[in-house]
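Trainee: One structure, pasted below without further comment.
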Amino acid sequence: MEDQTLFIEKVKASYNPKGAYIYLGAGILDGNILSEAKVNLALKMMNRHGLITGATGTGKTRTLQLIAEQLSDAGVPVFMLDVKGDLSGLAVEGQTNQALIDRGDAVGVPFVPASFPIELFSLTGNKGTTMRIKVSDVGPILLSRILELNDTQTGVLAAIFKYAQDHNMPLVDFNDVKKLLSYLADGPGSEEIKDDYGKISTSSSGTILRKIVAIEQQGVAHIFGEKEFDIEDLFQKVDGRGVISLLNISDVQDQPVLFSTFLLSILAQLFKNLPEVGDLDKPKLVFFFDEAHLLFKDASKAFLTQVEQIVRLIRSKGIGVFFCTQSPTDIPESVLAQLGNRVQHALRAFTPNDAENLRKTVKTYPKSDFYAIDQILTSLGTGQALITVLNDKGIPTEVVSTHLVPARAVMGPADATTYDQLVKQSDLYLKYQQREENRSAAEIVDERMKVANDQQIQQDREKEEAKLAKSSSRRQTPLEAAQKTATTTLAREGVKLLGKLASGLLTAFFKKK
């Protein structure tokens with residue numbers, strides 16, 4: 001009992017923020033759920049970013065859901081990746097059952113079903129409102145990640161982007177990149193770029209073109225184009241509640257690099273376009289990055305540097321970022337060091353690699369007077385997590401094994417009819433349904449190629465005319481030929497005549513003698 005009293009006092013001291021907060025759950029000590037030991041996360045600290053981890057089936061997705069629900073209630077918009085399409089149930093009130101009632105009672109919050117405003121998005125357009133992005137907004141580093149280019153090829157891509165920017169040639173989709181690449185590598189532009197941008201080798205341009213064609217054949221290249229998604233549409237509210245935007249990737253799960261890099265490009269746009277706001281009472285938007293390990297797997301140094309920069313600096317734009325994955329070791333240390341709020345579900349230690357990950361994870365937690373961290377991490381039940389967050393002063397809180405509050409909406413996908421209605425009745429569906437085709441780099445290159453071809457044709461014509469003129473100047477007309485023949489004949493006959501006259505005169509002269 002004395003230990004419980006001390007535990008409750010320490011939890012209350014650590015998790016008693018000033019201002020608005022999210023209630024995550026109640027502390028657990030020696031297997032007992034203590035509703036007085038409330039574990040809260042201050043809204044003003046959510047832009048210090050966070051990490052939600054745990055083995056498959058331990059409740060990570062429901063933790064994402066319960067946090068998103070409470071953020072929505074607080075008027076904070078949320079953007080989430082819906083990997084399997086089972087978060088669409090947020091739009092439908094949950095069904096009360098004894099298990100949910102018991103869980104609510106255990107954490108001191110009666111279970112009350114609720115639904116939440118959501119927007120459904122899709123990269124293919126088959127699962128929601130189409131999300132598109134211009135190639136120029138993705139940038140050469142992120143596009144190189146999608147195309148899986150090496151450093152040399154990434155440098156070539158960077159030169160193409162720089163040329164396009166310098167010459168006001170919008171790169172909207174892959175067709176623009178292909179046309180401009182061919183123009184600069186093998187076409188009239190190859191000589192133009194030598195001095196300022198460097199020559200592009202045939203092997204590099206060929207590899208990049210083949211990589212682009214491979215993406216196109218997989219049927220996902222159409223995510224690049226217009227009408228481009230406006231990031232301002234992520235900040236919607238309905239009746240004072242923040243809208244939860246869900247990107248359903250259930251139909252492109254076999255393209256992990258594509259969708260994970262697409263998410264990062266959205267985050268990069270937020271970083272680039274939003275104004276500095278400093279510390280707010282609550283974030284303007286919380287961005288949940290599910291399946292985060294896919295983002296970092298086999299990533300280049302340049303790519304990791306860009307991720308680290310975005311995560312480090314986007315806090316000042318009022319944006320909170322939460323990464324969700326199986327193990328903290330999936331996240332690079334440079335990024336992990338910036339994630340102040342930690343929700344760790346159970347880890348398994350079935351293999352030597354699992355045991356090593358567990359050992360590394362334990363080292364990332366503050367020392368606890370109440371738990372052996374390595375033991376508690378392997379014994380947590382579904383819907384329970386080991387939590388430490390940042391308090392109002394930015395100091396890590398007491399590590400607490402926590403029985404999480406239940407999600408109030410349906411914990412699963414909405415039925416097909418409801419899903420379709422949610423998509424078709426959205427104003428954003430009408431806004432982004434039709435693809436736009438505006439003048440871009442491809443059209444500009446075609447125009448330049450036409451001019452170059454016309455000039456070449458004109459030059460070839462002028463050369464031919466000059467050649468004919470020169471040849472014609474050496475030939476005689478029939479009249480000139482006749483005159484020349486007549487002249488030659490007269491001259492020859494004149495010589496003969498003069499010869500005869502001279503001979504006759506000489507003969508006559510000598511006869512007189």
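Letters for chains follow the order of the structure tokens (A, B, ...), residue numbers begin at 1 for each chain, and ligand numbers begin at 1 in the order shown.
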Kindly provide the residues of region 66-105 of chain A that approach region 400-421 of chain A to within 9 Å, each paired with its closest atom pair and their distance in Å to one decimal, based on only C-alpha atoms, listed by chain and increasing number, as a Markdown table.

Mentor:
| residue | atom | partner | partner_atom | distance |
| --- | --- | --- | --- | --- |
| A:Leu66 | CA | A:Ala407 | CA | 4.7 |
| A:Ile67 | CA | A:Ala407 | CA | 8.5 |
| A:Glu69 | CA | A:Ala407 | CA | 7.5 |
| A:Lys84 | CA | A:Pro413 | CA | 8.8 |
| A:Gly85 | CA | A:Pro413 | CA | 6.2 |
| A:Asp86 | CA | A:Pro413 | CA | 3.9 |
| A:Leu87 | CA | A:Pro413 | CA | 5.7 |
| A:Ser88 | CA | A:Pro413 | CA | 5.0 |
| A:Gly89 | CA | A:Ala414 | CA | 4.5 |
| A:Leu90 | CA | A:Ala409 | CA | 5.0 |
| A:Ala91 | CA | A:Ala409 | CA | 7.0 |
| A:Val92 | CA | A:Ala409 | CA | 5.7 |
| A:Glu93 | CA | A:Ala409 | CA | 4.6 |
| A:Gly94 | CA | A:Ala409 | CA | 4.1 |
| A:Gln95 | CA | A:Val410 | CA | 6.9 |
| A:Thr96 | CA | A:Arg408 | CA | 8.9 |
| A:Leu100 | CA | A:Pro406 | CA | 6.6 |
| A:Ile101 | CA | A:Pro406 | CA | 9.0 |
| A:Arg103 | CA | A:Pro406 | CA | 6.6 |
| A:Gly104 | CA | A:Val405 | CA | 6.4 |

Trainee: Using only C-alpha atoms, which protein or nucleic acid residues come within 7 Å of region 324-335 of chain A? Drop anything in the same chain fewer than 6 positions from it, and give the result as a PyMOL selection string.

Mentor: chain A and resi 51-55+289-293+308+357+361

Trainee: Please save N, CA and C atoms of the selected residues as an mmCIF file, in the first residue's frame.

Mentor:
data_model
loop_
_atom_site.group_PDB
_atom_site.id
_atom_site.type_symbol
_atom_site.label_atom_id
_atom_site.label_comp_id
_atom_site.auth_asym_id
_atom_site.auth_seq_id
_atom_site.Cartn_x
_atom_site.Cartn_y
_atom_site.Cartn_z
ATOM 1 N N LEU A 51 6.889 8.838 -30.359
ATOM 2 C CA LEU A 51 7.142 7.512 -30.914
ATOM 3 C C LEU A 51 6.170 6.524 -30.282
ATOM 4 N N ILE A 52 5.500 5.752 -31.136
ATOM 5 C CA ILE A 52 4.607 4.694 -30.681
ATOM 6 C C ILE A 52 5.128 3.386 -31.261
ATOM 7 N N THR A 53 5.538 2.468 -30.392
ATOM 8 C CA THR A 53 6.163 1.234 -30.862
ATOM 9 C C THR A 53 5.561 0.020 -30.170
ATOM 10 N N GLY A 54 5.865 -1.146 -30.720
ATOM 11 C CA GLY A 54 5.386 -2.391 -30.131
ATOM 12 C C GLY A 54 5.259 -3.481 -31.169
ATOM 13 N N ALA A 55 5.277 -4.711 -30.709
ATOM 14 C CA ALA A 55 5.166 -5.855 -31.612
ATOM 15 C C ALA A 55 3.780 -5.901 -32.250
ATOM 16 N N PHE A 289 2.970 9.075 -38.488
ATOM 17 C CA PHE A 289 3.735 8.414 -39.536
ATOM 18 C C PHE A 289 3.810 6.920 -39.239
ATOM 19 N N ASP A 290 2.754 6.185 -39.638
ATOM 20 C CA ASP A 290 2.720 4.746 -39.381
ATOM 21 C C ASP A 290 3.667 4.013 -40.328
ATOM 22 N N GLU A 291 4.060 2.794 -39.932
ATOM 23 C CA GLU A 291 5.009 1.980 -40.705
ATOM 24 C C GLU A 291 6.295 2.770 -40.974
ATOM 25 N N ALA A 292 6.778 3.459 -39.957
ATOM 26 C CA ALA A 292 7.912 4.372 -40.123
ATOM 27 C C ALA A 292 9.191 3.665 -40.547
ATOM 28 N N HIS A 293 9.325 2.386 -40.213
ATOM 29 C CA HIS A 293 10.547 1.671 -40.583
ATOM 30 C C HIS A 293 10.740 1.641 -42.093
ATOM 31 N N GLU A 308 15.889 14.333 -40.900
ATOM 32 C CA GLU A 308 16.306 14.873 -39.607
ATOM 33 C C GLU A 308 16.057 16.376 -39.533
ATOM 34 N N ASN A 357 17.375 -5.972 -29.635
ATOM 35 C CA ASN A 357 16.514 -4.799 -29.744
ATOM 36 C C ASN A 357 15.936 -4.419 -28.383
ATOM 37 N N THR A 361 16.417 -0.921 -26.437
ATOM 38 C CA THR A 361 15.236 -0.141 -26.071
ATOM 39 C C THR A 361 15.267 0.246 -24.598
#

Trainee: Between CA of Thr207 (chain A) and CA of Asn150 (chain A), what is the distance, to one decimal in Å?

Mentor: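 Computing the Euclidean distance for CA of Thr207 (chain A) and CA of Asn150 (chain A) yields 10.1 Å.
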
Trainee: List the neighbours of Lys179 (chain A) out to 7 Å using only C-alpha atoms; skip same-chain residues closer than 4 positions along the sequence, and give me the result as a PyMOL selection string.

Mentor: chain A and resi 175+183+442+445

Trainee: Would you return as a PyMOL selection string the members of region 372-430 of chain A that DSSP assigns to alpha helix (DSSP H) on this structure's backbone?

Mentor: chain A and resi 373-379+416-424+427-430

Trainee: Tell me which of A:Leu386, A:Asn168, A:Thr351, A:Gly57 sits closest to Ile28 (chain A), counting only C-alpha atoms.

Mentor: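 That would be A:Leu386, the residue with the smallest distance to Ile28 (chain A).
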